[in-house]
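Coordinates as given in query_6.pdb (PDB, C-alpha atoms):
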ATOM      1  CA  MET A  29       5.704  14.531 -32.789
ATOM      2  CA  LYS A  30       4.271  17.184 -30.493
ATOM      3  CA  PRO A  31       6.588  18.132 -27.617
ATOM      4  CA  THR A  32       3.886  17.146 -25.128
ATOM      5  CA  HIS A  33       3.789  13.649 -26.612
ATOM      6  CA  GLN A  34       7.556  13.414 -26.393
ATOM      7  CA  ASP A  35       7.418  14.158 -22.680
ATOM      8  CA  PHE A  36       4.610  11.617 -22.282
ATOM      9  CA  LEU A  37       6.770   8.966 -23.929
ATOM     10  CA  SER A  38       9.860   9.748 -21.886
ATOM     11  CA  GLY A  39       7.756   9.561 -18.697
ATOM     12  CA  ALA A  40       6.535   6.131 -19.769
ATOM     13  CA  ARG A  41      10.032   5.020 -20.799
ATOM     14  CA  ASP A  42      11.630   6.135 -17.512
ATOM     15  CA  SER A  43       9.030   4.048 -15.658
ATOM     16  CA  LEU A  44      10.083   0.764 -17.298
ATOM     17  CA  PRO A  45      12.468  -0.384 -14.517
ATOM     18  CA  ILE A  46       9.896   0.223 -11.793
ATOM     19  CA  LEU A  47       7.249  -1.746 -13.713
ATOM     20  CA  LEU A  48       9.131  -4.911 -12.734
ATOM     21  CA  GLY A  49       7.875  -4.285  -9.216
ATOM     22  CA  VAL A  50       4.335  -3.453 -10.335
ATOM     23  CA  VAL A  51       3.785  -6.811 -12.062
ATOM     24  CA  PRO A  52       4.161  -9.143  -9.045
ATOM     25  CA  PHE A  53       2.296  -6.726  -6.776
ATOM     26  CA  ALA A  54      -0.759  -6.716  -9.047
ATOM     27  CA  LEU A  55      -0.523 -10.493  -9.460
ATOM     28  CA  ILE A  56      -0.492 -10.884  -5.672
ATOM     29  CA  CYS A  57      -3.511  -8.608  -5.262
ATOM     30  CA  SER A  58      -5.576 -10.721  -7.671
ATOM     31  CA  VAL A  59      -4.409 -14.088  -6.348
ATOM     32  CA  SER A  60      -5.106 -12.949  -2.756
ATOM     33  CA  ALA A  61      -8.548 -11.634  -3.672
ATOM     34  CA  ILE A  62      -9.472 -15.015  -5.087
ATOM     35  CA  GLY A  63      -7.901 -16.643  -2.020
ATOM     36  CA  VAL A  64     -10.387 -14.911   0.300
ATOM     37  CA  GLY A  65     -13.313 -16.020  -1.842
ATOM     38  CA  LEU A  66     -13.849 -13.268  -4.412
ATOM     39  CA  SER A  67     -14.561 -14.145  -8.039
ATOM     40  CA  SER A  68     -12.072 -13.373 -10.825
ATOM     41  CA  THR A  69     -14.296 -10.508 -11.969
ATOM     42  CA  GLU A  70     -14.399  -9.035  -8.476
ATOM     43  CA  ALA A  71     -10.631  -9.423  -8.131
ATOM     44  CA  VAL A  72      -9.930  -7.561 -11.378
ATOM     45  CA  GLY A  73     -12.716  -5.067 -10.667
ATOM     46  CA  MET A  74     -11.154  -4.208  -7.319
ATOM     47  CA  SER A  75      -7.740  -3.554  -8.871
ATOM     48  CA  PHE A  76      -9.372  -1.596 -11.679
ATOM     49  CA  ILE A  77     -11.486   0.786  -9.634
ATOM     50  CA  VAL A  78      -9.475   1.080  -6.404
ATOM     51  CA  PHE A  79      -5.984   0.922  -7.954
ATOM     52  CA  ALA A  80      -4.087   1.118  -4.655
ATOM     53  CA  GLY A  81      -2.428  -2.220  -3.899
ATOM     54  CA  ALA A  82      -1.394  -1.899  -0.256
ATOM     55  CA  SER A  83      -4.875  -0.789   0.795
ATOM     56  CA  GLN A  84      -6.454  -3.552  -1.294
ATOM     57  CA  LEU A  85      -4.340  -6.185   0.445
ATOM     58  CA  ALA A  86      -5.272  -4.745   3.835
ATOM     59  CA  VAL A  87      -8.970  -4.919   2.971
ATOM     60  CA  LEU A  88      -8.577  -8.484   1.707
ATOM     61  CA  GLN A  89      -6.822  -9.554   4.898
ATOM     62  CA  LEU A  90      -9.632  -7.971   6.943
ATOM     63  CA  MET A  91     -12.232  -9.715   4.761
ATOM     64  CA  GLY A  92     -10.528 -12.996   5.586
ATOM     65  CA  GLU A  93     -10.906 -12.119   9.290
ATOM     66  CA  SER A  94     -14.588 -11.194   8.728
ATOM     67  CA  ALA A  95     -14.008  -7.619   9.911
ATOM     68  CA  VAL A  96     -16.839  -5.070   9.626
ATOM     69  CA  TRP A  97     -16.835  -2.908   6.518
ATOM     70  CA  VAL A  98     -16.363   0.379   8.422
ATOM     71  CA  VAL A  99     -13.015  -0.877   9.703
ATOM     72  CA  MET A 100     -12.048  -2.047   6.212
ATOM     73  CA  LEU A 101     -12.802   1.378   4.792
ATOM     74  CA  LEU A 102     -11.055   3.270   7.592
ATOM     75  CA  THR A 103      -7.962   1.093   7.365
ATOM     76  CA  ALA A 104      -7.742   1.474   3.589
ATOM     77  CA  TRP A 105      -8.194   5.230   3.751
ATOM     78  CA  VAL A 106      -5.562   5.565   6.473
ATOM     79  CA  ILE A 107      -3.099   3.608   4.312
ATOM     80  CA  ASN A 108      -3.957   5.866   1.383
ATOM     81  CA  LEU A 109      -3.537   9.101   3.343
ATOM     82  CA  ARG A 110      -0.053   9.260   1.826
ATOM     83  CA  PHE A 111      -1.671  10.273  -1.477
ATOM     84  CA  THR A 112      -2.522  13.690  -0.002
ATOM     85  CA  MET A 113       1.219  14.246   0.358
ATOM     86  CA  TYR A 114       1.783  13.301  -3.291
ATOM     87  CA  SER A 115      -1.181  15.459  -4.273
ATOM     88  CA  ALA A 116       0.277  18.527  -2.557
ATOM     89  CA  THR A 117       3.699  17.911  -4.119
ATOM     90  CA  ILE A 118       2.491  17.404  -7.682
ATOM     91  CA  ALA A 119      -0.258  20.073  -7.628
ATOM     92  CA  PRO A 120       1.848  22.996  -8.927
ATOM     93  CA  TYR A 121       2.707  21.065 -12.123
ATOM     94  CA  LEU A 122      -0.946  20.332 -12.908
ATOM     95  CA  GLN A 123      -2.428  23.729 -12.105
ATOM     96  CA  ASP A 124      -2.767  24.860 -15.745
ATOM     97  CA  GLU A 125      -4.119  21.527 -16.979
ATOM     98  CA  PRO A 126      -7.800  21.202 -17.953
ATOM     99  CA  PRO A 127     -10.001  19.043 -15.664
ATOM    100  CA  HIS A 128     -10.706  16.443 -18.380
ATOM    101  CA  ARG A 129      -7.004  15.531 -18.332
ATOM    102  CA  LYS A 130      -6.169  16.344 -14.737
ATOM    103  CA  ILE A 131      -8.953  14.252 -13.167
ATOM    104  CA  PRO A 132      -8.363  10.903 -14.910
ATOM    105  CA  PHE A 133      -4.605  11.149 -14.432
ATOM    106  CA  THR A 134      -5.109  12.012 -10.765
ATOM    107  CA  TYR A 135      -7.301   8.933 -10.439
ATOM    108  CA  ILE A 136      -4.318   6.805 -11.487
ATOM    109  CA  LEU A 137      -1.766   8.530  -9.224
ATOM    110  CA  SER A 138       0.470   5.792  -7.788
ATOM    111  CA  ASP A 139       3.511   5.492  -5.526
ATOM    112  CA  GLN A 140       5.565   4.403  -8.510
ATOM    113  CA  ALA A 141       4.509   7.201 -10.892
ATOM    114  CA  PHE A 142       5.023   9.746  -8.128
ATOM    115  CA  GLY A 143       8.492   8.371  -7.395
ATOM    116  CA  VAL A 144       9.615   8.325 -11.044
ATOM    117  CA  THR A 145       8.199  11.799 -11.738
ATOM    118  CA  MET A 146       9.687  13.466  -8.685
ATOM    119  CA  SER A 147      13.138  11.984  -9.155
ATOM    120  CA  LYS A 148      13.086  13.241 -12.765
ATOM    121  CA  PHE A 149      11.941  16.724 -11.733
ATOM    122  CA  ALA A 150      14.719  16.866  -9.139
ATOM    123  CA  ASN A 151      17.343  16.270 -11.842
ATOM    124  CA  GLU A 152      15.931  17.903 -14.950
ATOM    125  CA  MET A 153      12.603  19.621 -15.564
ATOM    126  CA  PRO A 154      10.841  18.420 -18.743
ATOM    127  CA  ALA A 155       9.294  21.074 -21.025
ATOM    128  CA  ASN A 156       5.810  19.782 -20.128
ATOM    129  CA  PRO A 157       6.044  18.398 -16.591
ATOM    130  CA  ALA A 158       2.351  17.410 -16.502
ATOM    131  CA  TRP A 159       2.720  15.275 -19.630
ATOM    132  CA  TYR A 160       5.805  13.576 -18.263
ATOM    133  CA  TYR A 161       3.759  12.609 -15.210
ATOM    134  CA  TYR A 162       0.865  11.446 -17.422
ATOM    135  CA  GLY A 163       3.238   9.135 -19.303
ATOM    136  CA  SER A 164       4.617   7.607 -16.145
ATOM    137  CA  ALA A 165       1.169   7.227 -14.547
ATOM    138  CA  SER A 166      -0.201   5.581 -17.708
ATOM    139  CA  ALA A 167       2.652   3.087 -17.928
ATOM    140  CA  VAL A 168       2.159   2.033 -14.300
ATOM    141  CA  TRP A 169      -1.618   1.850 -14.681
ATOM    142  CA  LEU A 170      -1.553  -0.226 -17.874
ATOM    143  CA  THR A 171       0.965  -2.665 -16.395
ATOM    144  CA  TRP A 172      -1.123  -2.926 -13.234
ATOM    145  CA  ILE A 173      -4.353  -3.748 -15.070
ATOM    146  CA  ILE A 174      -2.786  -6.328 -17.380
ATOM    147  CA  SER A 175      -1.023  -8.013 -14.452
ATOM    148  CA  ALA A 176      -4.222  -7.968 -12.382
ATOM    149  CA  ILE A 177      -6.039  -9.846 -15.165
ATOM    150  CA  ILE A 178      -3.235 -12.406 -15.453
ATOM    151  CA  GLY A 179      -3.282 -12.777 -11.662
ATOM    152  CA  ALA A 180      -7.011 -13.451 -11.692
ATOM    153  CA  LEU A 181      -6.499 -16.201 -14.259
ATOM    154  CA  LEU A 182      -3.695 -17.740 -12.175
ATOM    155  CA  GLY A 183      -5.524 -17.249  -8.875
ATOM    156  CA  THR A 184      -8.174 -19.837  -9.645
ATOM    157  CA  LEU A 185      -5.407 -22.432 -10.058
ATOM    158  CA  VAL A 186      -4.025 -21.957  -6.534
ATOM    159  CA  PRO A 187      -5.505 -24.422  -4.006
ATOM    160  CA  ALA A 188      -6.551 -23.088  -0.567
ATOM    161  CA  SER A 189      -4.355 -25.682   1.171
ATOM    162  CA  TRP A 190      -1.268 -23.671   0.192
ATOM    163  CA  GLY A 191      -2.032 -21.191   2.981
ATOM    164  CA  LEU A 192      -1.370 -18.301   0.662
ATOM    165  CA  GLU A 193      -3.022 -15.838   3.075
ATOM    166  CA  PHE A 194       0.359 -15.797   4.791
ATOM    167  CA  ALA A 195       1.494 -13.749   1.784
ATOM    168  CA  PHE A 196      -0.394 -10.755   3.260
ATOM    169  CA  PRO A 197       1.827 -10.124   6.270
ATOM    170  CA  LEU A 198       4.858 -10.954   4.120
ATOM    171  CA  SER A 199       4.032  -8.337   1.518
ATOM    172  CA  PHE A 200       3.221  -5.735   4.188
ATOM    173  CA  MET A 201       6.581  -6.489   5.744
ATOM    174  CA  ALA A 202       8.477  -5.642   2.577
ATOM    175  CA  LEU A 203       6.510  -2.401   2.183
ATOM    176  CA  MET A 204       7.094  -1.604   5.867
ATOM    177  CA  PHE A 205      10.863  -1.971   5.654
ATOM    178  CA  ALA A 206      10.856   0.250   2.572
ATOM    179  CA  ALA A 207       8.987   2.878   4.634
ATOM    180  CA  ILE A 208      11.450   2.750   7.557
ATOM    181  CA  LYS A 209      13.989   5.371   6.552
ATOM    182  CA  ASP A 210      15.320   6.763   9.841
ATOM    183  CA  ARG A 211      14.941   6.446  13.575
ATOM    184  CA  PRO A 212      11.561   8.258  13.903
ATOM    185  CA  THR A 213       9.951   6.034  11.229
ATOM    186  CA  LEU A 214      11.453   2.985  12.978
ATOM    187  CA  ILE A 215       9.892   4.125  16.264
ATOM    188  CA  ALA A 216       6.539   4.656  14.511
ATOM    189  CA  ALA A 217       6.705   1.064  13.205
ATOM    190  CA  LEU A 218       7.701  -0.424  16.578
ATOM    191  CA  VAL A 219       4.974   1.425  18.492
ATOM    192  CA  GLY A 220       2.391   0.665  15.786
ATOM    193  CA  GLY A 221       3.324  -3.023  15.756
ATOM    194  CA  PHE A 222       3.423  -3.612  19.500
ATOM    195  CA  SER A 223       0.238  -1.606  20.117
ATOM    196  CA  ALA A 224      -1.509  -3.709  17.491
ATOM    197  CA  ILE A 225      -0.509  -6.879  19.371
ATOM    198  CA  ALA A 226      -1.708  -5.364  22.652
ATOM    199  CA  THR A 227      -5.042  -4.147  21.242
ATOM    200  CA  LYS A 228      -5.806  -7.207  19.092
ATOM    201  CA  GLY A 229      -8.665  -8.150  21.457
ATOM    202  CA  LEU A 230     -10.671  -4.980  20.756
ATOM    203  CA  PRO A 231     -13.910  -5.561  18.829
ATOM    204  CA  TYR A 232     -14.240  -4.975  15.053
ATOM    205  CA  ASN A 233     -10.441  -4.890  14.530
ATOM    206  CA  LEU A 234     -10.528  -1.352  15.940
ATOM    207  CA  GLY A 235      -7.184  -2.077  17.583
ATOM    208  CA  LEU A 236      -5.607  -1.692  14.142
ATOM    209  CA  ILE A 237      -6.764   1.918  13.754
ATOM    210  CA  LEU A 238      -5.835   2.733  17.362
ATOM    211  CA  ALA A 239      -2.383   1.162  17.012
ATOM    212  CA  ALA A 240      -1.703   2.979  13.727
ATOM    213  CA  THR A 241      -2.624   6.290  15.374
ATOM    214  CA  LEU A 242      -0.350   5.611  18.356
ATOM    215  CA  GLY A 243       2.499   4.714  15.989
ATOM    216  CA  ILE A 244       2.072   7.935  14.007
ATOM    217  CA  ALA A 245       1.983   9.974  17.234
ATOM    218  CA  ALA A 246       5.141   8.221  18.469
ATOM    219  CA  GLY A 247       6.916   9.028  15.197
ATOM    220  CA  VAL A 248       5.963  12.701  15.382
ATOM    221  CA  LEU A 249       7.109  12.924  19.039
ATOM    222  CA  ALA A 250      10.366  11.088  18.321
ATOM    223  CA  GLU A 251      11.165  13.434  15.465
ATOM    224  CA  LYS A 252      10.397  16.501  17.602
ATOM    225  CA  LYS A 253      12.622  15.230  20.364
ATOM    226  CA  MET A 254      15.509  14.499  18.015
ATOM    227  CA  GLY A 255      15.115  17.840  16.310
ATOM    228  CA  ALA A 256      15.324  19.545  19.693
ATOM    229  CA  GLN A 257      18.582  17.755  20.476
ATOM    230  CA  LYS A 258      20.344  19.094  17.395
TER     231      LYS A 258
ATOM    232  CA  MET B  16     -19.054 -13.817   1.156
ATOM    233  CA  SER B  17     -21.702 -13.988  -1.568
ATOM    234  CA  GLU B  18     -24.219 -11.761   0.247
ATOM    235  CA  PHE B  19     -21.495  -9.220   0.987
ATOM    236  CA  PRO B  20     -21.891  -6.048  -1.077
ATOM    237  CA  VAL B  21     -18.281  -6.070  -2.297
ATOM    238  CA  TRP B  22     -18.926  -3.729  -5.206
ATOM    239  CA  ILE B  23     -20.293  -1.072  -2.848
ATOM    240  CA  LEU B  24     -17.212  -1.513  -0.676
ATOM    241  CA  PHE B  25     -14.914  -1.177  -3.720
ATOM    242  CA  LEU B  26     -16.742   1.932  -4.859
ATOM    243  CA  ALA B  27     -16.464   3.544  -1.425
ATOM    244  CA  LEU B  28     -12.767   2.619  -1.302
ATOM    245  CA  ALA B  29     -12.207   4.068  -4.748
ATOM    246  CA  LEU B  30     -14.096   7.314  -4.135
ATOM    247  CA  GLY B  31     -12.368   7.937  -0.800
ATOM    248  CA  THR B  32      -8.989   7.189  -2.343
ATOM    249  CA  PHE B  33      -9.692   9.467  -5.300
ATOM    250  CA  ALA B  34     -10.622  12.259  -2.867
ATOM    251  CA  LEU B  35      -7.241  11.810  -1.164
ATOM    252  CA  ARG B  36      -5.433  11.793  -4.519
ATOM    253  CA  TYR B  37      -7.248  14.854  -5.811
ATOM    254  CA  SER B  38      -7.259  16.789  -2.501
ATOM    255  CA  PHE B  39      -4.412  19.245  -2.858
ATOM    256  CA  ILE B  40      -4.450  19.204  -6.651
ATOM    257  CA  TYR B  41      -7.991  20.539  -6.406
ATOM    258  CA  PHE B  42      -7.257  23.050  -3.657
ATOM    259  CA  PHE B  43      -3.984  24.256  -5.180
ATOM    260  CA  GLY B  44      -3.492  27.970  -4.537
ATOM    261  CA  LYS B  45      -6.433  28.016  -2.121
ATOM    262  CA  VAL B  46      -5.344  25.729   0.699
ATOM    263  CA  ASP B  47      -1.778  24.711   1.551
ATOM    264  CA  MET B  48      -1.054  21.514   3.378
ATOM    265  CA  PRO B  49      -0.411  22.450   7.033
ATOM    266  CA  ASP B  50       3.040  21.506   8.326
ATOM    267  CA  TRP B  51       1.737  19.377  11.199
ATOM    268  CA  LEU B  52      -0.214  17.236   8.721
ATOM    269  CA  ARG B  53       2.761  16.849   6.383
ATOM    270  CA  ASN B  54       4.830  15.797   9.406
ATOM    271  CA  ALA B  55       2.310  13.252  10.625
ATOM    272  CA  LEU B  56       1.754  11.739   7.164
ATOM    273  CA  LYS B  57       5.405  10.729   6.949
ATOM    274  CA  PHE B  58       4.749   8.136   9.628
ATOM    275  CA  VAL B  59       1.552   6.635   8.213
ATOM    276  CA  PRO B  60       3.045   3.836   6.074
ATOM    277  CA  ALA B  61       5.533   2.494   8.643
ATOM    278  CA  SER B  62       2.985   2.578  11.449
ATOM    279  CA  VAL B  63      -0.039   1.113   9.630
ATOM    280  CA  LEU B  64       1.944  -1.625   7.956
ATOM    281  CA  ALA B  65       3.566  -2.667  11.237
ATOM    282  CA  ALA B  66       0.116  -2.711  12.849
ATOM    283  CA  LEU B  67      -1.065  -5.072  10.100
ATOM    284  CA  VAL B  68       1.966  -7.371  10.278
ATOM    285  CA  ALA B  69       2.533  -7.812  14.013
ATOM    286  CA  PRO B  70      -0.843  -9.362  15.017
ATOM    287  CA  ALA B  71      -0.900 -11.554  11.891
ATOM    288  CA  LEU B  72       2.314 -13.203  13.086
ATOM    289  CA  THR B  73       1.585 -13.379  16.823
ATOM    290  CA  TYR B  74      -2.087 -14.444  16.725
ATOM    291  CA  PRO B  75      -1.904 -17.328  14.211
ATOM    292  CA  ASN B  76      -5.170 -18.931  15.311
ATOM    293  CA  GLY B  77      -6.794 -15.992  17.034
ATOM    294  CA  VAL B  78      -4.816 -16.616  20.241
ATOM    295  CA  LEU B  79      -1.560 -14.908  21.240
ATOM    296  CA  ASP B  80       1.270 -17.393  20.682
ATOM    297  CA  ILE B  81       4.869 -16.261  21.097
ATOM    298  CA  SER B  82       6.690 -19.593  21.058
ATOM    299  CA  LEU B  83       8.747 -21.809  18.781
ATOM    300  CA  ASN B  84       5.558 -23.719  17.914
ATOM    301  CA  ASN B  85       4.213 -20.660  16.080
ATOM    302  CA  ILE B  86       5.356 -21.275  12.514
ATOM    303  CA  HIS B  87       3.760 -18.008  11.320
ATOM    304  CA  LEU B  88       6.076 -16.143  13.667
ATOM    305  CA  LEU B  89       9.174 -18.175  12.733
ATOM    306  CA  ALA B  90       8.591 -17.929   8.989
ATOM    307  CA  GLY B  91       7.672 -14.266   9.474
ATOM    308  CA  ILE B  92      11.011 -13.542  11.137
ATOM    309  CA  GLY B  93      12.753 -15.197   8.181
ATOM    310  CA  GLY B  94      10.641 -13.109   5.808
ATOM    311  CA  ALA B  95      11.444  -9.985   7.824
ATOM    312  CA  ILE B  96      15.158 -10.499   7.303
ATOM    313  CA  VAL B  97      14.636 -10.745   3.544
ATOM    314  CA  ALA B  98      12.265  -7.753   3.619
ATOM    315  CA  TRP B  99      14.825  -5.723   5.537
ATOM    316  CA  ARG B 100      17.715  -6.627   3.199
ATOM    317  CA  THR B 101      15.882  -6.433  -0.143
ATOM    318  CA  LYS B 102      12.773  -4.275   0.518
ATOM    319  CA  ASN B 103      11.284  -6.383  -2.282
ATOM    320  CA  VAL B 104       7.723  -7.722  -2.034
ATOM    321  CA  LEU B 105       8.230 -10.700  -4.332
ATOM    322  CA  TRP B 106      11.417 -12.014  -2.695
ATOM    323  CA  THR B 107       9.921 -11.603   0.768
ATOM    324  CA  ILE B 108       6.877 -13.635  -0.234
ATOM    325  CA  ILE B 109       8.918 -16.349  -1.941
ATOM    326  CA  VAL B 110      11.309 -16.879   0.974
ATOM    327  CA  GLY B 111       8.606 -16.441   3.647
ATOM    328  CA  MET B 112       6.204 -18.903   1.990
ATOM    329  CA  LEU B 113       8.967 -21.487   1.409
ATOM    330  CA  LEU B 114       9.947 -21.255   5.082
ATOM    331  CA  PHE B 115       6.276 -21.540   6.073
ATOM    332  CA  TRP B 116       5.752 -24.692   4.005
ATOM    333  CA  LEU B 117       9.034 -26.175   5.246
ATOM    334  CA  LEU B 118       8.109 -25.590   8.920
ATOM    335  CA  GLN B 119       4.618 -26.962   8.251
ATOM    336  CA  ALA B 120       6.113 -30.156   6.828
ATOM    337  CA  LEU B 121       8.487 -30.682   9.783
TER     338      LEU B 121
END

Represent the structure from my file as structure tokens, please.
Amino acid sequence: MKPTHQDFLSGARDSLPILLGVVPFALICSVSAIGVGLSSTEAVGMSFIVFAGASQLAVLQLMGESAVWVVMLLTAWVINLRFTMYSATIAPYLQDEPPHRKIPFTYILSDQAFGVTMSKFANEMPANPAWYYYGSASAVWLTWIISAIIGALLGTLVPASWGLEFAFPLSFMALMFAAIKDRPTLIAALVGGFSAIATKGLPYNLGLILAATLGIAAGVLAEKKMGAQK
Amino acid sequence: MSEFPVWILFLALALGTFALRYSFIYFFGKVDMPDWLRNALKFVPASVLAALVAPALTYPNGVLDISLNNIHLLAGIGGAIVAWRTKNVLWTIIVGMLLFWLLQAL
């Protein structure tokens, strides 16, 4: 076996534990998509071409509230801004890779593949770091797509009377607590949350974008202030 | 929903998200991520997610309702405890939905 393929396989293998979290998330995305009135094809298509679960759920929730599409797009892009951080971190390892490999594997960059890859690189650098990342990204992607298809099949069996749209705030909550790591991130969440309640009356769900911006600003300020105290 | 151009929306979502994913991989060696941006990005997930959750729990029928009659809020608080302890999407949904159905039946 070529050494590059070995690194690909170990990237995929090291991703196995995290795949347990990918399966339900993709299932939820499909079931929720069908819950707001999309067809099974549209549900799977969304997961296939967007491939960013948290932003998909946000868009689906906004669809359920009949928000305008500009707000849906803005909200999803704001949620996905974190990818620029991953992009900057992983860029040095992909710099010598040809575009025909780099581009497709960038398309399937995920939180999970980024997490697995970076924790590996922190401990031990593989001979071909790019291929290790490719392996991890592929494992997450494949699991995501298969689970999205299964979810679309299950989604049509779930009756609307179950009130499954309540699963949206619940799933965001779990992701939110995972993102609260210290006091500044906690302040960002509190300010974001309370501002969103206060600005709920604004037209086109614009309060959401405004509240998110205020929360981010509060986090930055809180961190500056705490840094100054040290 | 049928007249809604969902595929155009998905495509726009996907292209924008790809641009974010590819951004600094493409510009590597030419543009570095400025520190202020890196700092601000750290707070995006916590803030956006909280802004999505809070109104969904406090405006159950489009009207602000912070009372014990608001089962979205009560079940949401239960879900929040699970979310905080486990940070697991599936467990939070299972416990939150069970609480929601239980409160609905009461």

message = Report, in Å with one decimal, the straight-line distance from CA of Phe222 in chain A to CA of Lys253 in chain A.
response = 21.0 Å

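Proximity to range 28-45 of chain B at 7 Å, evaluated using all atoms listed in the file and with sequence-adjacent residues fewer than 5 positions away removed, yields Ile77, Val78, Leu101, Trp105, Asn108, Leu109, Phe111, Thr112, Ser115, Ala116, Ala119, Thr134, Tyr135 and Leu137 of chain A.
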
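Nearest residue to Leu218 in chain A, choosing from A:Leu242, A:Leu203, A:Gly65, A:Leu230 and counting all atoms listed in the file: A:Leu242.
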
Between chain A and chain B, at 6 Å or less, what are the per-residue closest atom pairs and their distances in Å? Count only C-alpha atoms, order by chain and rising residue number, and return it as a Markdown table.
| residue | atom | partner | partner_atom | distance |
| --- | --- | --- | --- | --- |
| A:Ile77 | CA | B:Ala29 | CA | 5.9 |
| A:Val78 | CA | B:Ala29 | CA | 4.4 |
| A:Phe111 | CA | B:Arg36 | CA | 5.1 |
| A:Thr112 | CA | B:Leu35 | CA | 5.2 |
| A:Ser115 | CA | B:Phe39 | CA | 5.2 |
| A:Ala116 | CA | B:Phe39 | CA | 4.8 |
| A:Ala119 | CA | B:Ile40 | CA | 4.4 |
| A:Tyr135 | CA | B:Phe33 | CA | 5.7 |
| A:Ala195 | CA | B:Ile108 | CA | 5.7 |
| A:Pro197 | CA | B:Val68 | CA | 4.9 |
| A:Leu198 | CA | B:Ile108 | CA | 5.5 |
| A:Ser199 | CA | B:Val104 | CA | 5.2 |
| A:Phe200 | CA | B:Leu64 | CA | 5.7 |
| A:Ala202 | CA | B:Ala98 | CA | 4.5 |
| A:Met204 | CA | B:Ala61 | CA | 5.2 |
| A:Phe205 | CA | B:Trp99 | CA | 5.5 |
| A:Ala206 | CA | B:Lys102 | CA | 5.3 |
| A:Ala207 | CA | B:Ala61 | CA | 5.3 |
| A:Thr213 | CA | B:Phe58 | CA | 5.8 |
| A:Ala216 | CA | B:Ser62 | CA | 5.1 |
| A:Ala217 | CA | B:Ser62 | CA | 4.4 |
| A:Gly220 | CA | B:Ser62 | CA | 4.8 |
| A:Gly221 | CA | B:Ala66 | CA | 4.3 |
| A:Ala224 | CA | B:Ala66 | CA | 5.0 |
| A:Ile225 | CA | B:Pro70 | CA | 5.0 |
| A:Leu236 | CA | B:Ala66 | CA | 6.0 |
| A:Ala240 | CA | B:Val63 | CA | 4.8 |
| A:Gly243 | CA | B:Ser62 | CA | 5.0 |
| A:Ile244 | CA | B:Phe58 | CA | 5.1 |

Apply the PyMOL selection byres ((chain A and resi 146-159) around 12) to the structure shown and report the selected residues as an mmCIF file with C-alpha atoms, in the frame of the given file.
data_model
loop_
_atom_site.group_PDB
_atom_site.id
_atom_site.type_symbol
_atom_site.label_atom_id
_atom_site.label_comp_id
_atom_site.auth_asym_id
_atom_site.auth_seq_id
_atom_site.Cartn_x
_atom_site.Cartn_y
_atom_site.Cartn_z
ATOM 1 C CA LYS A 30 4.271 17.184 -30.493
ATOM 2 C CA PRO A 31 6.588 18.132 -27.617
ATOM 3 C CA THR A 32 3.886 17.146 -25.128
ATOM 4 C CA HIS A 33 3.789 13.649 -26.612
ATOM 5 C CA GLN A 34 7.556 13.414 -26.393
ATOM 6 C CA ASP A 35 7.418 14.158 -22.680
ATOM 7 C CA PHE A 36 4.610 11.617 -22.282
ATOM 8 C CA LEU A 37 6.770 8.966 -23.929
ATOM 9 C CA SER A 38 9.860 9.748 -21.886
ATOM 10 C CA GLY A 39 7.756 9.561 -18.697
ATOM 11 C CA ALA A 40 6.535 6.131 -19.769
ATOM 12 C CA ARG A 41 10.032 5.020 -20.799
ATOM 13 C CA ASP A 42 11.630 6.135 -17.512
ATOM 14 C CA SER A 43 9.030 4.048 -15.658
ATOM 15 C CA TYR A 114 1.783 13.301 -3.291
ATOM 16 C CA SER A 115 -1.181 15.459 -4.273
ATOM 17 C CA THR A 117 3.699 17.911 -4.119
ATOM 18 C CA ILE A 118 2.491 17.404 -7.682
ATOM 19 C CA ALA A 119 -0.258 20.073 -7.628
ATOM 20 C CA PRO A 120 1.848 22.996 -8.927
ATOM 21 C CA TYR A 121 2.707 21.065 -12.123
ATOM 22 C CA LEU A 122 -0.946 20.332 -12.908
ATOM 23 C CA GLN A 123 -2.428 23.729 -12.105
ATOM 24 C CA ASP A 124 -2.767 24.860 -15.745
ATOM 25 C CA GLU A 125 -4.119 21.527 -16.979
ATOM 26 C CA PRO A 126 -7.800 21.202 -17.953
ATOM 27 C CA ARG A 129 -7.004 15.531 -18.332
ATOM 28 C CA LYS A 130 -6.169 16.344 -14.737
ATOM 29 C CA PHE A 133 -4.605 11.149 -14.432
ATOM 30 C CA THR A 134 -5.109 12.012 -10.765
ATOM 31 C CA ASP A 139 3.511 5.492 -5.526
ATOM 32 C CA GLN A 140 5.565 4.403 -8.510
ATOM 33 C CA ALA A 141 4.509 7.201 -10.892
ATOM 34 C CA PHE A 142 5.023 9.746 -8.128
ATOM 35 C CA GLY A 143 8.492 8.371 -7.395
ATOM 36 C CA VAL A 144 9.615 8.325 -11.044
ATOM 37 C CA THR A 145 8.199 11.799 -11.738
ATOM 38 C CA TYR A 160 5.805 13.576 -18.263
ATOM 39 C CA TYR A 161 3.759 12.609 -15.210
ATOM 40 C CA TYR A 162 0.865 11.446 -17.422
ATOM 41 C CA GLY A 163 3.238 9.135 -19.303
ATOM 42 C CA SER A 164 4.617 7.607 -16.145
ATOM 43 C CA ALA A 165 1.169 7.227 -14.547
ATOM 44 C CA SER A 166 -0.201 5.581 -17.708
#

key: Spatial neighbours of Phe196 in chain A, max dist 8 Å, only C-alpha atoms, sep filter under 4 positions, as a ChimeraX atom specification   = /A:60,85-86,89,200

Print the selection's residues with C-alpha atoms to a file, as a short mmCIF file (atom, residue, chain, number, x, y, z; two decimals), keeping the file's coordinate frame.
data_model
loop_
_atom_site.label_atom_id
_atom_site.label_comp_id
_atom_site.auth_asym_id
_atom_site.auth_seq_id
_atom_site.Cartn_x
_atom_site.Cartn_y
_atom_site.Cartn_z
CA SER A 60 -5.11 -12.95 -2.76
CA LEU A 85 -4.34 -6.18 0.44
CA ALA A 86 -5.27 -4.74 3.84
CA GLN A 89 -6.82 -9.55 4.90
CA PHE A 200 3.22 -5.74 4.19
#
